[in-house]
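Listing of my_file-v6.txt, compact mmCIF, C-alpha atoms
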```txt
# COMPACT_ATOMS: atom_id res chain seq x y z
CA MET A 1 1.78 22.78 -14.90
CA ILE A 2 0.36 19.30 -15.49
CA ALA A 3 -3.40 19.21 -15.97
CA LEU A 4 -4.75 16.23 -14.04
CA ASP A 5 -8.31 16.13 -15.33
CA ALA A 6 -10.98 13.89 -13.90
CA LEU A 7 -11.37 10.83 -16.12
CA GLY A 8 -15.09 10.17 -16.36
CA PRO A 9 -17.13 7.82 -18.56
CA GLY A 10 -17.33 10.55 -21.20
CA GLY A 11 -13.59 11.16 -21.24
CA PRO A 12 -11.31 13.72 -19.53
CA TYR A 13 -13.17 16.47 -17.68
CA ARG A 14 -11.56 19.69 -16.50
CA THR A 15 -13.54 21.37 -13.75
CA ARG A 16 -13.55 24.97 -12.61
CA ASN A 17 -12.80 23.75 -9.08
CA ARG A 18 -9.13 22.75 -9.35
CA LEU A 19 -6.69 21.94 -6.58
CA PRO A 20 -3.06 23.09 -6.95
CA ILE A 21 -0.59 20.22 -6.46
CA THR A 22 2.88 21.30 -5.38
CA ASP A 23 6.21 19.60 -4.98
CA VAL A 24 7.74 19.05 -1.55
CA ALA A 25 9.30 22.51 -1.68
CA GLY A 26 5.96 24.20 -2.41
CA GLY A 27 6.60 24.79 -6.11
CA PRO A 28 3.63 24.32 -8.47
CA LEU A 29 3.51 21.03 -10.34
CA ALA A 30 -0.07 20.28 -11.36
CA GLU A 31 -3.74 21.16 -11.09
CA LEU A 32 -6.19 18.45 -10.05
CA SER A 33 -9.80 18.80 -11.17
CA LEU A 34 -12.25 18.12 -8.33
CA VAL A 35 -15.61 16.74 -9.44
CA PRO A 36 -19.00 17.53 -7.85
CA PRO A 37 -21.50 14.97 -6.50
CA LEU A 38 -23.61 14.98 -9.67
CA PHE A 39 -20.59 14.00 -11.79
CA ILE A 40 -19.85 11.13 -9.39
CA SER A 41 -23.44 9.93 -9.48
CA ARG A 42 -23.48 9.81 -13.28
CA ALA A 43 -20.09 8.13 -13.43
CA MET A 44 -21.08 5.38 -11.00
CA LYS A 45 -24.29 4.72 -12.95
CA ALA A 46 -22.27 4.42 -16.17
CA LEU A 47 -19.93 1.89 -14.52
CA ARG A 48 -22.90 -0.16 -13.39
CA LYS A 49 -24.40 -0.24 -16.89
CA ALA A 50 -21.15 -1.36 -18.56
CA ARG A 51 -20.53 -5.08 -19.12
CA PRO A 52 -17.12 -6.67 -18.47
CA LEU A 53 -14.89 -7.52 -21.40
CA PRO A 54 -14.40 -11.23 -22.14
CA VAL A 55 -11.61 -12.69 -20.02
CA PRO A 56 -8.94 -12.93 -22.78
CA ALA A 57 -9.54 -9.31 -23.88
CA ARG A 58 -9.54 -8.15 -20.26
CA MET A 59 -6.26 -9.91 -19.46
CA SER A 60 -4.61 -8.58 -22.60
CA ALA A 61 -5.73 -4.99 -21.98
CA ILE A 62 -4.56 -4.92 -18.34
CA ALA A 63 -1.17 -6.45 -19.19
CA ALA A 64 -0.67 -4.00 -22.06
CA ALA A 65 -1.61 -1.12 -19.78
CA GLY A 66 1.01 -2.18 -17.24
CA GLU A 67 3.67 -2.17 -19.93
CA LEU A 68 2.56 1.21 -21.26
CA PHE A 69 2.44 2.65 -17.75
CA ALA A 70 5.98 1.48 -16.99
CA THR A 71 7.74 2.22 -20.26
CA GLY A 72 5.65 4.36 -22.59
CA GLU A 73 4.45 7.93 -22.97
CA VAL A 74 1.14 8.61 -21.24
CA GLY A 75 -0.50 12.02 -21.03
CA GLY A 76 2.54 13.62 -22.62
CA LEU A 77 4.95 12.26 -19.99
CA SER A 78 7.58 9.61 -20.62
CA ALA A 79 8.17 7.01 -17.95
CA ALA A 80 11.29 8.86 -16.77
CA GLU A 81 9.44 12.20 -16.62
CA TYR A 82 6.61 10.58 -14.69
CA GLN A 83 8.99 9.04 -12.15
CA HIS A 84 10.90 12.28 -11.64
CA THR A 85 7.66 14.23 -11.15
CA VAL A 86 6.25 11.71 -8.65
CA SER A 87 9.43 11.82 -6.58
CA ARG A 88 9.22 15.62 -6.39
CA MET A 89 5.48 15.56 -5.74
CA SER A 90 5.40 12.93 -3.01
CA GLY A 91 8.93 13.06 -1.61
CA THR A 92 9.39 9.35 -2.33
CA PRO A 93 13.01 8.62 -3.33
CA LEU A 94 13.38 8.26 -7.10
CA PRO A 95 14.80 4.70 -6.93
CA ALA A 96 11.72 3.67 -4.92
CA VAL A 97 9.41 5.21 -7.54
CA ARG A 98 11.23 3.28 -10.26
CA SER A 99 10.86 0.06 -8.31
CA ALA A 100 7.14 0.70 -7.79
CA THR A 101 6.68 1.38 -11.51
CA GLU A 102 8.16 -2.01 -12.36
CA MET A 103 6.04 -3.69 -9.67
CA ILE A 104 2.80 -2.23 -11.07
CA ALA A 105 3.70 -3.61 -14.50
CA ARG A 106 4.39 -7.07 -13.03
CA PHE A 107 1.13 -7.06 -11.09
CA ALA A 108 -0.78 -5.97 -14.20
CA SER A 109 0.54 -8.94 -16.15
CA GLY A 110 -0.50 -11.39 -13.42
CA ALA A 111 -3.63 -9.76 -11.96
CA TYR A 112 -6.04 -12.33 -13.37
CA ASP A 113 -4.00 -15.28 -12.08
CA ARG A 114 -3.95 -13.84 -8.56
CA VAL A 115 -7.65 -13.11 -8.24
CA LEU A 116 -9.06 -16.03 -10.24
CA GLN A 117 -6.40 -18.70 -9.75
CA ALA A 118 -4.28 -18.20 -6.63
CA ALA A 119 -7.19 -16.93 -4.49
CA ARG A 120 -9.83 -19.32 -5.86
CA PRO A 121 -10.84 -22.26 -3.64
CA VAL A 122 -9.80 -25.60 -5.14
CA GLY A 123 -13.41 -26.71 -5.16
CA SER A 124 -14.59 -23.83 -7.35
CA GLY A 125 -14.40 -23.39 -11.10
CA THR A 126 -14.45 -20.22 -13.19
CA ASP A 127 -17.23 -21.06 -15.68
CA TRP A 128 -20.65 -22.71 -15.35
CA ARG A 129 -19.94 -24.44 -18.66
CA ASP A 130 -17.25 -26.66 -17.10
CA ASP A 131 -18.13 -30.35 -17.34
CA ARG A 132 -17.84 -30.86 -13.60
CA MET A 133 -20.91 -28.62 -13.15
CA ARG A 134 -22.98 -31.51 -14.56
CA ALA A 135 -22.52 -33.31 -11.26
CA GLY A 136 -22.75 -30.11 -9.22
CA ALA A 137 -19.87 -27.88 -8.16
CA ALA A 138 -19.07 -24.27 -7.32
CA VAL A 139 -18.30 -21.28 -9.54
CA TRP A 140 -16.05 -18.43 -8.35
CA ILE A 141 -18.09 -15.28 -9.01
CA ARG A 142 -17.92 -11.55 -8.23
CA ARG A 143 -19.73 -10.28 -5.16
CA GLY A 144 -20.81 -7.22 -7.13
CA GLU A 145 -20.20 -5.19 -10.26
CA VAL A 146 -18.64 -1.86 -9.19
CA PHE A 147 -15.55 -1.44 -7.03
CA ALA A 148 -14.40 1.85 -5.46
CA VAL A 149 -10.93 2.76 -4.21
CA HIS A 150 -9.96 5.60 -1.90
CA ALA A 151 -6.26 5.48 -2.73
CA ALA A 152 -3.24 6.34 -0.60
CA GLY A 153 -0.42 8.65 -1.64
CA ASN A 154 2.46 7.39 0.50
CA HIS A 155 3.82 5.06 -2.20
CA PRO A 156 2.96 4.48 -5.88
CA GLY A 157 2.88 0.72 -5.36
CA VAL A 158 -0.51 0.82 -3.62
CA HIS A 159 -2.12 1.13 -7.06
CA ALA A 160 -1.09 -2.38 -8.06
CA GLY A 161 -3.79 -3.88 -5.86
CA TRP A 162 -6.99 -2.60 -7.44
CA LEU A 163 -5.94 -4.00 -10.83
CA GLU A 164 -7.14 -7.34 -9.48
CA ALA A 165 -10.69 -5.98 -9.27
CA LEU A 166 -10.51 -5.00 -12.94
CA ALA A 167 -9.17 -8.45 -13.77
CA ALA A 168 -12.16 -10.01 -12.00
CA GLY A 169 -14.53 -8.01 -14.20
CA TYR A 170 -15.41 -5.22 -11.81
CA ARG A 171 -15.74 -1.71 -13.15
CA VAL A 172 -13.54 0.47 -10.96
CA ALA A 173 -13.75 4.04 -9.63
CA VAL A 174 -10.55 5.48 -8.14
CA ARG A 175 -10.44 8.52 -5.88
CA PRO A 176 -6.78 9.64 -5.96
CA SER A 177 -4.85 10.98 -3.01
CA ARG A 178 -4.22 14.71 -3.06
CA ARG A 179 -0.63 14.06 -2.05
CA GLU A 180 0.18 12.11 -5.20
CA PRO A 181 -2.58 11.85 -7.84
CA LEU A 182 -0.25 11.44 -10.84
CA THR A 183 0.23 7.67 -10.52
CA PRO A 184 -3.49 6.74 -10.63
CA HIS A 185 -4.10 9.31 -13.38
CA ARG A 186 -1.35 7.72 -15.49
CA LEU A 187 -2.53 4.18 -14.74
CA VAL A 188 -6.19 4.87 -15.57
CA SER A 189 -5.09 6.65 -18.77
CA ALA A 190 -2.92 3.67 -19.73
CA LEU A 191 -5.78 1.24 -19.12
CA ARG A 192 -8.07 3.26 -21.38
CA ALA A 193 -5.42 3.51 -24.07
CA SER A 194 -4.97 -0.27 -23.94
CA GLY A 195 -8.56 -1.23 -24.62
CA LEU A 196 -10.60 -0.79 -21.44
CA GLY A 197 -13.54 1.51 -22.05
CA ALA A 198 -14.00 4.84 -20.32
CA ASP A 199 -17.04 3.28 -18.64
CA HIS A 200 -14.88 0.50 -17.12
CA VAL A 201 -12.43 2.54 -15.06
CA VAL A 202 -12.75 6.16 -13.93
CA LEU A 203 -10.69 8.63 -11.91
CA LEU A 204 -12.83 10.76 -9.61
CA PRO A 205 -10.86 13.37 -7.63
CA THR A 206 -13.09 14.91 -4.96
CA ASP A 207 -13.05 16.93 -1.78
CA HIS A 208 -13.41 15.13 1.56
CA GLN A 209 -17.11 15.96 1.88
CA THR A 210 -17.95 14.28 -1.43
CA ALA A 211 -15.61 11.28 -1.18
CA GLY A 212 -18.19 9.09 0.54
CA ASP A 213 -20.45 9.28 -2.53
CA ILE A 214 -17.99 7.10 -4.43
CA LEU A 215 -18.14 4.32 -1.84
CA ARG A 216 -21.92 4.57 -1.57
CA GLY A 217 -22.26 4.22 -5.34
CA ALA A 218 -20.20 1.01 -5.44
CA ASP A 219 -20.94 -2.56 -4.39
CA LEU A 220 -17.57 -2.98 -2.69
CA GLY A 221 -14.80 -0.58 -1.76
CA MET A 222 -11.26 -0.37 -0.48
CA VAL A 223 -9.94 2.55 1.59
CA TYR A 224 -6.53 3.54 2.91
CA GLY A 225 -5.74 5.61 5.98
CA GLY A 226 -4.68 5.67 9.60
CA GLN A 227 -6.16 3.95 12.61
CA ASP A 228 -9.16 6.28 12.41
CA VAL A 229 -10.01 4.83 8.99
CA ILE A 230 -9.67 1.28 10.30
CA ASP A 231 -12.00 2.09 13.20
CA LYS A 232 -14.51 3.88 10.95
CA TYR A 233 -14.96 0.99 8.53
CA ALA A 234 -14.34 -1.95 10.88
CA GLY A 235 -18.04 -2.83 10.91
CA HIS A 236 -18.67 -2.31 7.18
CA PRO A 237 -18.78 -5.68 5.38
CA THR A 238 -18.61 -4.04 1.95
CA VAL A 239 -15.54 -1.88 2.67
CA LEU A 240 -12.01 -3.25 3.03
CA PRO A 241 -9.89 -0.86 5.15
CA ASN A 242 -6.09 -0.72 4.79
CA GLY A 243 -4.28 1.02 7.62
CA PRO A 244 -1.03 0.92 9.56
CA GLY A 245 0.99 -2.28 9.13
CA ARG A 246 2.93 -2.14 12.41
CA SER A 247 5.29 -4.76 10.95
CA LYS A 248 7.73 -6.33 13.40
CA ILE A 249 10.81 -8.50 13.78
CA LEU A 250 11.38 -11.00 16.59
CA ILE A 251 14.84 -12.47 17.28
CA THR A 252 14.97 -15.15 19.95
CA ALA A 253 18.00 -16.22 21.99
CA ASP A 254 18.79 -19.21 19.78
CA HIS A 255 20.04 -16.80 17.10
CA ASP A 256 22.86 -14.25 17.30
CA TRP A 257 21.30 -10.86 16.55
CA ARG A 258 24.60 -9.69 15.01
CA ASP A 259 23.90 -11.95 12.04
CA HIS A 260 20.66 -10.09 11.37
CA VAL A 261 21.56 -6.39 11.55
CA ASP A 262 21.38 -6.20 7.74
CA LEU A 263 17.88 -7.69 7.90
CA ILE A 264 16.72 -5.09 10.41
CA VAL A 265 18.24 -2.12 8.60
CA ASP A 266 16.80 -3.24 5.26
CA SER A 267 13.35 -3.91 6.74
CA VAL A 268 13.25 -0.49 8.40
CA SER A 269 14.58 1.65 5.55
CA ALA A 270 13.78 -0.01 2.21
CA GLN A 271 11.69 2.09 -0.21
CA GLY A 272 12.18 5.11 2.05
CA GLY A 273 10.63 3.43 5.09
CA THR A 274 7.17 4.75 4.21
CA GLY A 275 5.30 1.47 3.68
CA CYS A 276 3.05 -0.65 5.86
CA VAL A 277 5.53 -3.50 5.36
CA ASN A 278 8.49 -1.57 6.77
CA THR A 279 9.52 -2.68 10.24
CA THR A 280 8.47 -0.35 13.05
CA ALA A 281 9.37 -2.51 16.07
CA VAL A 282 12.08 -5.07 16.81
CA PHE A 283 11.79 -7.47 19.76
CA VAL A 284 14.93 -9.18 21.05
CA GLU A 285 15.23 -12.00 23.56
CA GLY A 286 18.25 -10.47 25.25
CA ASP A 287 19.74 -7.00 25.53
CA PRO A 288 17.96 -4.53 23.20
CA ALA A 289 20.52 -1.77 23.80
CA ALA A 290 23.25 -3.44 21.75
CA VAL A 291 20.83 -4.14 18.91
CA ALA A 292 19.53 -0.57 18.90
CA ALA A 293 23.07 0.83 18.90
CA ALA A 294 24.15 -1.34 15.95
CA VAL A 295 21.05 -0.49 13.91
CA ALA A 296 21.41 3.22 14.73
CA GLU A 297 25.02 3.24 13.54
CA ARG A 298 24.01 1.79 10.19
CA LEU A 299 20.98 4.01 9.66
CA ALA A 300 22.91 7.14 10.62
CA ALA A 301 25.10 6.64 7.53
CA LEU A 302 22.19 7.07 5.09
CA PRO A 303 22.52 10.31 3.10
CA SER A 304 20.09 13.25 3.08
CA LEU A 305 19.34 13.96 -0.58
CA PRO A 306 16.51 15.53 -2.58
CA PRO A 307 13.96 12.88 -3.59
CA GLN A 308 14.76 13.11 -7.31
CA ASP A 309 18.44 12.31 -6.69
CA GLU A 310 19.59 8.98 -8.12
CA LYS A 311 21.04 8.03 -4.73
CA ALA A 312 18.13 9.21 -2.56
CA VAL A 313 16.98 6.66 0.04
CA LEU A 314 15.08 8.75 2.59
CA PRO A 315 11.68 10.45 2.19
CA THR A 316 11.30 14.21 1.84
CA TYR A 317 8.40 16.35 3.10
CA PRO A 318 7.44 20.01 3.05
CA LEU A 319 9.29 21.62 5.94
CA ALA A 320 6.14 22.35 7.97
CA THR A 321 4.97 18.75 7.63
CA ALA A 322 8.38 17.41 8.58
CA ARG A 323 8.46 19.62 11.69
CA SER A 324 4.99 18.40 12.68
CA ILE A 325 6.04 14.74 12.39
CA GLU A 326 9.21 15.46 14.36
CA LYS A 327 7.25 17.17 17.12
CA TYR A 328 4.90 14.20 17.42
CA LEU A 329 7.81 11.75 17.52
CA LEU A 330 9.68 13.63 20.23
CA SER A 331 6.55 13.93 22.36
CA LYS A 332 5.94 10.19 22.18
CA SER A 333 9.57 9.13 22.69
CA ALA A 334 10.29 11.10 25.85
CA ALA A 335 10.25 7.96 28.02
CA ALA A 336 12.40 5.94 25.60
CA THR A 337 16.18 5.81 25.23
CA ALA A 338 17.26 7.55 22.05
CA HIS A 339 20.01 5.90 19.99
CA LEU A 340 19.30 8.02 16.91
CA GLY A 341 16.97 10.95 16.36
CA GLY A 342 16.60 12.00 19.98
CA ASP A 343 17.54 15.57 19.09
CA GLY A 344 15.31 15.65 16.05
CA VAL A 345 14.98 14.01 12.65
CA VAL A 346 14.44 17.00 10.33
CA ASP A 347 17.28 17.77 7.92
CA GLU A 348 16.38 20.89 5.95
CA LEU A 349 17.24 21.13 2.27
CA ALA A 350 17.97 24.43 0.61
CA ASP A 351 14.66 24.57 -1.28
CA GLY A 352 12.24 24.67 1.66
CA SER A 353 11.73 20.93 1.94
CA ALA A 354 13.25 18.58 4.49
CA VAL A 355 14.49 15.01 4.66
CA LEU A 356 13.26 12.97 7.60
CA ARG A 357 16.27 11.13 8.92
CA PRO A 358 16.06 7.72 10.65
CA ALA A 359 15.20 7.34 14.33
CA VAL A 360 16.00 4.45 16.67
CA PHE A 361 14.59 4.30 20.20
CA GLU A 362 15.04 1.66 22.88
CA LEU A 363 12.08 0.65 25.02
CA ALA A 364 12.27 -0.92 28.47
CA ASP A 365 9.00 -2.86 28.17
CA PRO A 366 7.84 -5.01 25.24
CA SER A 367 4.28 -3.86 25.91
CA ALA A 368 5.15 -0.15 25.68
CA ALA A 369 2.65 1.81 23.62
CA GLN A 370 5.40 3.35 21.49
CA ALA A 371 6.02 -0.01 19.79
CA ARG A 372 2.71 0.51 17.97
CA ILE A 373 3.66 3.90 16.52
CA GLU A 374 4.18 3.84 12.75
CA LEU A 375 5.48 6.93 10.97
CA GLY A 376 6.20 7.73 7.32
CA PHE A 377 9.99 7.44 7.49
CA PRO A 378 12.52 4.94 8.92
CA CYS A 379 11.62 4.94 12.61
CA VAL A 380 12.05 1.81 14.74
CA TRP A 381 11.44 0.92 18.37
CA VAL A 382 13.68 -1.79 19.85
CA ALA A 383 12.36 -3.66 22.88
CA PRO A 384 13.26 -6.66 25.04
CA TRP A 385 11.17 -9.81 24.69
CA THR A 386 10.78 -12.70 27.10
CA ARG A 387 8.90 -15.97 27.07
CA ASP A 388 6.75 -14.61 29.89
CA ALA A 389 5.71 -11.70 27.64
CA GLY A 390 4.42 -14.22 25.13
CA ILE A 391 3.02 -13.20 21.77
CA ALA A 392 0.85 -10.34 23.06
CA PRO A 393 3.40 -7.61 22.05
CA LEU A 394 3.68 -9.18 18.60
CA ARG A 395 -0.01 -9.05 17.76
CA ASP A 396 -1.77 -6.61 15.43
CA THR A 397 0.89 -6.72 12.74
CA LEU A 398 0.80 -6.98 8.97
CA VAL A 399 4.14 -8.82 8.72
CA LEU A 400 6.08 -10.51 11.50
CA THR A 401 9.55 -11.82 10.70
CA ALA A 402 10.38 -14.42 13.35
CA VAL A 403 14.04 -15.40 13.57
CA THR A 404 13.69 -18.47 15.78
CA THR A 405 13.85 -22.26 15.73
CA ASP A 406 11.12 -22.63 18.37
CA GLU A 407 8.44 -24.55 16.48
CA SER A 408 5.83 -24.30 19.25
CA LEU A 409 6.25 -20.51 19.21
CA LEU A 410 5.96 -20.48 15.43
CA ASP A 411 2.77 -22.55 15.63
CA GLU A 412 1.32 -20.00 18.04
CA LEU A 413 2.33 -17.07 15.83
CA LEU A 414 0.89 -18.73 12.73
CA THR A 415 -2.52 -19.36 14.28
CA ASP A 416 -2.92 -15.87 15.75
CA PRO A 417 -5.38 -14.08 13.42
CA SER A 418 -4.01 -10.60 14.19
CA ILE A 419 -0.61 -11.56 12.71
CA ARG A 420 -1.53 -11.48 9.05
CA ASN A 421 1.78 -12.67 7.54
CA LEU A 422 4.55 -14.73 9.13
CA TYR A 423 8.05 -14.84 7.64
CA ILE A 424 10.21 -17.50 9.30
CA GLY A 425 13.94 -16.78 9.30
CA SER A 426 15.95 -13.91 7.89
CA HIS A 427 13.40 -12.50 5.42
CA PRO A 428 12.77 -8.72 5.33
CA THR A 429 9.27 -7.64 6.27
CA HIS A 430 8.91 -5.82 2.94
CA TRP A 431 9.33 -9.04 0.93
CA MET A 432 6.50 -9.61 -1.55
CA ALA A 433 6.05 -11.82 -4.58
CA PRO A 434 3.35 -12.32 -7.24
CA GLY A 435 0.86 -14.96 -6.16
CA VAL A 436 1.65 -14.53 -2.45
CA PRO A 437 -1.06 -12.72 -0.43
CA HIS A 438 -0.28 -9.27 0.97
CA ASP A 439 -3.02 -8.95 3.59
CA GLY A 440 -4.90 -12.03 2.49
CA TYR A 441 -5.85 -12.31 -1.16
CA LEU A 442 -7.93 -9.41 -2.40
CA GLY A 443 -9.89 -12.05 -4.28
CA GLU A 444 -11.19 -13.35 -0.94
CA PHE A 445 -12.99 -10.01 -0.57
CA LEU A 446 -13.99 -9.55 -4.20
CA MET A 447 -15.34 -13.03 -4.92
CA ARG A 448 -17.44 -15.85 -3.52
CA SER A 449 -18.36 -19.41 -4.47
CA LYS A 450 -21.84 -20.13 -5.89
CA ALA A 451 -23.18 -23.69 -6.18
CA VAL A 452 -24.10 -24.66 -9.76
CA ILE A 453 -25.42 -27.88 -11.27
CA ARG A 454 -26.17 -28.38 -14.95
```
Would you give me this structure, written as structure tokens?
Amino acid sequence: MIALDALGPGGPYRTRNRLPITDVAGGPLAELSLVPPLFISRAMKALRKARPLPVPARMSAIAAAGELFATGEVGGLSAAEYQHTVSRMSGTPLPAVRSATEMIARFASGAYDRVLQAARPVGSGTDWRDDRMRAGAAVWIRRGEVFAVHAAGNHPGVHAGWLEALAAGYRVAVRPSRREPLTPHRLVSALRASGLGADHVVLLPTDHQTAGDILRGADLGMVYGGQDVIDKYAGHPTVLPNGPGRSKILITADHDWRDHVDLIVDSVSAQGGTGCVNTTAVFVEGDPAAVAAAVAERLAALPSLPPQDEKAVLPTYPLATARSIEKYLLSKSAAATAHLGGDGVVDELADGSAVLRPAVFELADPSAAQARIELGFPCVWVAPWTRDAGIAPLRDTLVLTAVTTDESLLDELLTDPSIRNLYIGSHPTHWMAPGVPHDGYLGEFLMRSKAVIR
């Protein structure tokens, strides 16, 4: 059993109220200490009292922590042991966990550049001492001092983002997901071991009733969840909600869809198909049936393997959870044409867990409600698209890959604010790179420009 203690400003804290964390088969893996409201209150006050490290020391500590997290021993676990445990705990395929580990290290090494360089307006500087402040200019400053994160557990990579808040000088409080708390526990531990004080970054596991205290004790916060979370925090200017991506692909008639089957399959299934950047709907100017059939044939060949297998590519869930997801899918897909998964998507393993196999459904209408359904495994809805339908079915998407040469259409897609990222040509929706915004730059939320004249 791994002891996942709370990590407060006074060091690790093991509570009497501990939550058992199991693997996908129900076997015991860890115990997570849940902290009470008083502990949270004291921790948030300690964060507020702490002063940020100087920029060079901050950058060095975060970069060193990323390297330690990805390659070293933290909390008694080697990197390989950590990755194996996370795959069993969350059901994320082991190769995807490895990839996420490397990504967190890369983001740690470049966190400062993203929040204070890439996101910074060209008219703003980073220090009031700059000579240009003598004539009057702007300085890029924090909007607050304490940042809170209600983290997700669907993929380890989500923890790369809040490193930017640390890089900006915020003190950070992380509430881990109950599904997979090991990644944030390891990352916070690595940050502390690399030079960031215990009063700069804390891990505060809580129950649902107490979770709101963490956000209320911070100046700004970031939360992850479903559409209900998006709706709950839509009107909160100090909380940044992260919800379903509903990422999409559009292929217009000036391109042969056969040349882009690899693109679709990769976009749907990469990293286990659990991310907000995985494609959930494909729109084709032409016959969607042929596209759906070709994609289904490719996805059907993916193997069902336990998550810790070196060749695992599909996510694994506890059997009861998998059955619940399957039931929801089948209830919503009754009016669609099934090309894959119409008889079910649960593939039971011998240990009491189950792989969720891919699903491909054809829709008759580009405006069908099913095209907005995003599930935590490779599930895609293929629909026809026409010029008369316009861009309405393509809205409300994190990433839209548009395979088209129609520049007027691309102009329209680019200017639509509900399409947050536009990839033109055969680029998978899960493509990301350091320095390129994910859902805008986090620095746009964390920082603001203040006029200064010396």
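Using only C-alpha atoms for every distance, the candidate list A:Gly226, A:Gly212, A:Gly161, A:Pro303 yields A:Gly161 as the residue closest to Arg114 of chain A.
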Contact residues around Gly273 of chain A with all atoms listed in the file at 9 Å, ignoring same-chain residues under 6 positions, as a ChimeraX atom specification: /A:267,279,313-315,358,375-379
Would you mind exporting C-alpha atoms of the selected residues as a tab-separated table (two decimals), keeping the file's coordinate frame?
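File selection.tsv, as written:
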```
chain	number	residue	atom	x	y	z
A	267	SER	CA	13.35	-3.91	6.74
A	279	THR	CA	9.52	-2.68	10.24
A	313	VAL	CA	16.98	6.66	0.04
A	314	LEU	CA	15.08	8.75	2.59
A	315	PRO	CA	11.68	10.45	2.19
A	358	PRO	CA	16.06	7.72	10.65
A	375	LEU	CA	5.48	6.93	10.97
A	376	GLY	CA	6.20	7.73	7.32
A	377	PHE	CA	9.99	7.44	7.49
A	378	PRO	CA	12.52	4.94	8.92
A	379	CYS	CA	11.62	4.94	12.61
```
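Minimum atom-to-atom distances from A:Ser353, A:Ser41, A:Thr252, A:Thr22 to Leu182 of chain A were compared using all atoms listed in the file, and the lowest value belongs to A:Thr22.
Minimum distance to Ser194 of chain A across A:Met44, A:Ile62, A:Val277, A:Ala368 (counting only C-alpha atoms) occurs at A:Ile62.
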Residues within 8 Å of Trp128 of chain A, please, as a ChimeraX atom specification. Count only C-alpha atoms; anything in the same chain fewer than 4 positions from it doesn't count. /A:133,139,452,454
With a distance cut-off of 12 Å and all atoms listed in the file, select the neighbouring residues of Asp127 of chain A, excluding the residue or stretch itself and same-chain residues fewer than 3 positions from it, and output the selection as a list in words. Val55, Leu116, Ser124, Asp130, Asp131, Arg132, Met133, Arg134, Ala137, Ala138, Val139, Trp140, Ile141, Ser449, Lys450, Ala451, Val452, Ile453 and Arg454 of chain A
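Counting all atoms listed in the file and comparing A:Leu4, A:Glu310, A:His438, A:Arg106, the residue that lies closest to Ala80 of chain A is A:Glu310.
Atom pair atom CA of Val146 of chain A / atom CA of Cys276 of chain A has a distance of 26.4 Å (rounded to one decimal).
Atom CA of Ala322 of chain A is found 6.7 Å from atom CA of Leu356 of chain A.
Atom pair atom CA of Pro156 of chain A / atom CA of Ala296 of chain A has a distance of 27.7 Å (rounded to one decimal).
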Please provide as a PDB file with C-alpha atoms, keeping the file's coordinate frame all residues within 10 Å of Leu29 of chain A, with the sequence filter that same-chain residues fewer than 3 positions apart are discarded (counting only C-alpha atoms).
```
ATOM      1  CA  MET A   1       1.780  22.780 -14.900  1.00  0.00           C
ATOM      2  CA  ILE A   2       0.360  19.300 -15.490  1.00  0.00           C
ATOM      3  CA  ALA A   3      -3.400  19.210 -15.970  1.00  0.00           C
ATOM      4  CA  PRO A  20      -3.060  23.090  -6.950  1.00  0.00           C
ATOM      5  CA  ILE A  21      -0.590  20.220  -6.460  1.00  0.00           C
ATOM      6  CA  THR A  22       2.880  21.300  -5.380  1.00  0.00           C
ATOM      7  CA  ASP A  23       6.210  19.600  -4.980  1.00  0.00           C
ATOM      8  CA  VAL A  24       7.740  19.050  -1.550  1.00  0.00           C
ATOM      9  CA  GLY A  26       5.960  24.200  -2.410  1.00  0.00           C
ATOM     10  CA  THR A  85       7.660  14.230 -11.150  1.00  0.00           C
ATOM     11  CA  VAL A  86       6.250  11.710  -8.650  1.00  0.00           C
ATOM     12  CA  ARG A  88       9.220  15.620  -6.390  1.00  0.00           C
ATOM     13  CA  MET A  89       5.480  15.560  -5.740  1.00  0.00           C
TER      14      MET A  89
END
```
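Using only C-alpha atoms, the smallest distance between any of A:Leu53, A:Val74, A:Ala118, A:Ala354 and Leu305 of chain A comes from A:Ala354.
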Nearest to Glu102 of chain A among A:Gly157, A:Gly221, A:Gly125, A:Ser78, with distances taken over only C-alpha atoms: which residue is it? A:Gly157
Please identify all polymer residues lying at most 10 Å from the point (-15.2, 19.4, -3.9) (file coordinates), using all atoms listed in the file, and present the result as a VMD selection string. chain A and resid 17 to 19 33 to 37 205 to 211
